[in-house]
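Colleague: Below are the structure tokens for one structure; questions will follow.
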Amino acid sequence: MTVHPPHDTRFITIEGAHQNNLKHLSLKIPKHQLTVFTGVSGSGKSSLVFGTLAAESQRLINETYPAFVQGFMPQLPRPEVDVLRGLTTAIVVDQERIGGNPRSTVGTATDATALLRILFSRLAEPAIGGPNAYSFNVATVHAQGARTVEKAGAKKEVVKFHRAGGMCPRCEGLGRTTHLDLAELYDDNLTLEDDLFTVPGFNHGGWNARLYRESGLYPADVPIKDFTEQQLTDFLYKEPTRMKIAGINMTYEGLVPRIQKSILAKDKEDMQKANRAFADRAVTFVQCPECGGTRLNQAALSSKIKGKNIAQLTAMQVSDLAEWLRQLNAPQLTPLVASLQETLDSFVQIGLGYISLDRPAATLSGGEAQRAKMIRHLGSALTDVTYIFDEPSIGLHPHDLAKMNELLLSLRDKGNTVLVVEHKPETIAIADHVVDLGPGAGNGGGEITFEGTFEQLKTSDTLTGRHLAYRAELKTGVRKPTGHYPIRSASQNNLQTVDVDVPLGVLTVVTGVAGSGKSSLIHGNLVGAEIDGAEVVAIDQAPIRGSRRSNPATYTGLMDPIRKAFAKANGVKPALFSSNSEGACPDCKGTGTIDVEAGVMAKVSLPCETCQGKRFNEDVLQYRLGELNISEVLQLPAEQALEFFSAAETKVPAAAKILARMNEVGLGYMTLGQQLSTLSGGERQRLKLVTHMNDQDGVFVLDEPTVGLHLADVEQLLTLLDRLVDSGKTVVVIEHHQAVMAHADHIIDLGPGAGSEGGRVVFTGSPAELVAQGETLTGQHLAQYVGA
């Protein structure tokens with residue numbers, strides 16, 4: 001019998017981790033302590049914490065379920081690691097969006113609204129039914145019919161069915177209705193025999209257009225403008241009807257409801273690019289006139305507790321709702337009220353007391369979404385759990401960081417292991433244990449450069465240690481604006497009729513505590529505006545839409561000059577070097593993986609055996625540019641690719657120009673063929689910036705560009721922002737990082753607090769003037785940062 005040495009249960013033990021760029025790392029992570037992982041972007045932090053620890057914990061948990069249940073769960077491959085011991089259940093609290101459902105709100109995502117609905121079903125007057133009667137996700141249903149039970153003396157009996165739901169029948173629980181501009185759907189001067197539709201997917205030769213052309217409900221050879229009233233009604237609004245069209249039994253439906261169901265039912269953020277462009281030009285979203293935007297039917301709105309209906313309560317700022325609940329006297333529902341009170345107090349504790357429960361979940365920033373996910377864990381009775389956080393400081397003003405640090409420590413003090421990927425010194429400072437990865441990014445990283453305490457890190461000769469004391473200097477000589485863009489009477493969300501002038505031709509930083517109204521001011525009034533003939537462009541961290549084949553090379557336009565260079569060097573067509581076209585592997589269709597069905601088990605994605613994950617067919621891989629084939633080029637990090645396409649033998653100036661911009665924004669470690677879906681929010685934002693850096697003029701709005709940036713990379717970002725402004729662009733940055741504030745030409749500070757206590761401009765001027773004034777929270781923290 002083999003005798004294994006006893007395992008030290010005080011640690012999570014990792015041996016030989018080689019996921020992505022990790023170089024066979026081995027380390028012991030102390031349990032029941034707070035460990036922070038640091039290192040430059042791309043050094044391997046996420047590969048170690050998320051790709052190895054969290055992935056293996058989730059995989060092992062999934063394997064405890066029966067095979068049938070596993071068939072409904074995502075299949076997770078085993079991480080590339082030799083040994084993992086001492087794992088506990090891992091709960092990942094990341095920055096991903098909460099829900100893509102247009103009915104998903106902050107309250108539904110955190111279960112606070114579910115508790116409120118139960119409260120109303122017990123206390124509200126008049127009583128209208130159970131919790132579903134107050135739910136905008138549930139429609140009211142009536143039914144009546146005959147029922148026969150097959151037994152002795154069977155007889156038919158009339159059965160009536162009624163389910164009370166809270167959904168507004170007009171907007172179906174969305175709170176808004178759509179008004180379609182018919183002129184954007186078709187040209188009414190044309191006939192159905194012409195190519196009259198201007199709707200995506202309604203091309204003349206397709207089934208959508210043929211359905212209307214051959215329905216027989218109206219003449220196909222008469223212009224739409226000459227239709228009778230009945231013919232136009234049938235064409236636009238007819239209810240779904242089964243009929244034979246072109247010899248096939250089909251369901252005919254009027255054009256307007258068909259478009260609403262097939263295109264407009266999705267949240268605009270989740271639409272395909274063509275559908276989103278169509279919605280922008282053809283659709284006006286207006287507040288539902290029947291429910292007033294509350295999403296609820298009249299019965300739900302008529303039922304009240306202490307004079308307020310559930311819509312009024314969910315529209316309140318959470319901190320105010322918590323106070324309202326404290327005044328509620330309901331001894332018969334003490335456990336329910338206590339549970340709801342705890343949830344609402346957690347919102348306030350975590351710094352989200354300024355938002356309302358009816359706020360659409362999709363509108364939360366990455367930092368807000370992460371903190372919202374924390375709420376369900378703060379009061380959890382579970383212990384000995386591993387909590388994993390991805391930059392929890394995102395979206396937090398320096399004033400709010402101390403509160404977040406207290407929450408992380410409270411989770412640790414309950415007997416849990418807390419792992420945090422972080423760049424902010426204020427959060428690194430509270431760690432019991434620090435693991436620094438590096439020394440560089442991509443192939444230059446993947447090693448442990450330091451392990452120990454924060455005090456030891458400060459004196460270590462690592463990139464992180466050397467930059468912990470870094471402070472950007474307060475800018476004294478600021479640029480003079482070339483003009484101003486006036487914002488007047490701004491009142492979106494919590495803004496209190498704000499008037500402010502945004503200077504042009506300089507670097508403006510918009511600051512303020514979380515929830516003070518920064519995004520409402522800039523995204524609600526500046527983004528999308530046209531200044532001097534150019535549209536204001538928002539460069540955000542939202543997911544980049546594309547296929548499984550999309551990568552940085554295709555997104556930035558880098559792939560075009562690369563294909564042409566390969567084609568010219570080998571005397572063949574450029575299309576051969578596209579994984580979307582002729583050159584794709586015939587088996588995996590250019591994805592590099594094959595999905596294998598395994599009976600009741602979940603499907604497994606395996607590297608394609610034909611191309612070995614290289615995505616191109618064998619013939620294409622024989623063609624070379626210099627020493628490399630197309631697959632090998634796509635495996636190069638941007639930094640090495642720049643050297644390759646700048647070399648005399650393989651010189652491609654157009655490719656080198658784009659790669660130089662990727663290196664400028666700090667993405668030199670990113671491989672050209674990396675799937676876009678694997679990028680972090682900060683990486684997505686910097687990649688989007690690459691595509692706009694060549695624009696001649698314009699106004700750029702960047703939302704927290706320091707997200708995901710190491711302290712050493714912040715200096716590079718400041719240089720980049722200066723270069724953008726010096727090239728004639730206006731740059732507006734929404735930011736909490738004091739280094740960016742100190743480097744600004746102009747600061748617009750909002751506050752003084754969050755939610756109803758914010759929404760006002762409390763300062764405008766230079767960073768030096770803000771520090772000298774010292775009256776606002778931002779000014780005080782900036783003064784402390786620069787040592788003034």
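Residues in the structure tokens are numbered from 1 in each chain, the chains being A, B, ... in the order shown, and ligands are numbered from 1 in the order shown.
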Tell me, as a ChimeraX atom specification, which residues lie within 6 Å of range 576-587 of chain A, counting only C-alpha atoms; anything in the same chain fewer than 5 positions away does not count.

Modeller: /A:563,615-617

Colleague: Figure out the distance between CA of Pro240 in chain A and CA of Tyr252 in chain A, please, to one decimal in Å.

Modeller: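 Straight-line distance from CA of Tyr252 in chain A to CA of Pro240 in chain A works out to 5.5 Å.
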
Colleague: Identify all residues of range 342-392 of chain A in alpha helix (DSSP H) (DSSP on the backbone) and supply them as a list of chain:residue names.

Modeller: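 Put together, the selection reads A:Glu342, A:Thr343, A:Leu344, A:Asp345, A:Ser346, A:Phe347, A:Val348, A:Gln349, A:Gly366, A:Gly367, A:Glu368, A:Ala369, A:Gln370, A:Arg371, A:Ala372, A:Lys373, A:Met374, A:Ile375, A:Arg376, A:His377, A:Leu378.
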
Colleague: Name all residues at most 12 Å from Arg78 in chain A (count only C-alpha atoms; drop same-chain ones fewer than 3 positions away) and give them as a PyMOL selection string.

Modeller: chain A and resi 17-19+51-60+62-63+75+81-84+604-606

Colleague: Would you give me, as a list in words, the residues in range 176-394 of chain A that DSSP reads as strand (DSSP E)?

Modeller: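 DSSP on the backbone gives strand (DSSP E) at Arg176, Thr177, Thr178, His179, Leu180, Thr241, Arg242, Met243, Lys244, Ile245, Ile248, Asn249, Met250, Thr251, Tyr252, Val283, Thr284, Phe285, Val286, Gln287, Thr386, Tyr387, Ile388, Phe389 and Asp390 of chain A.
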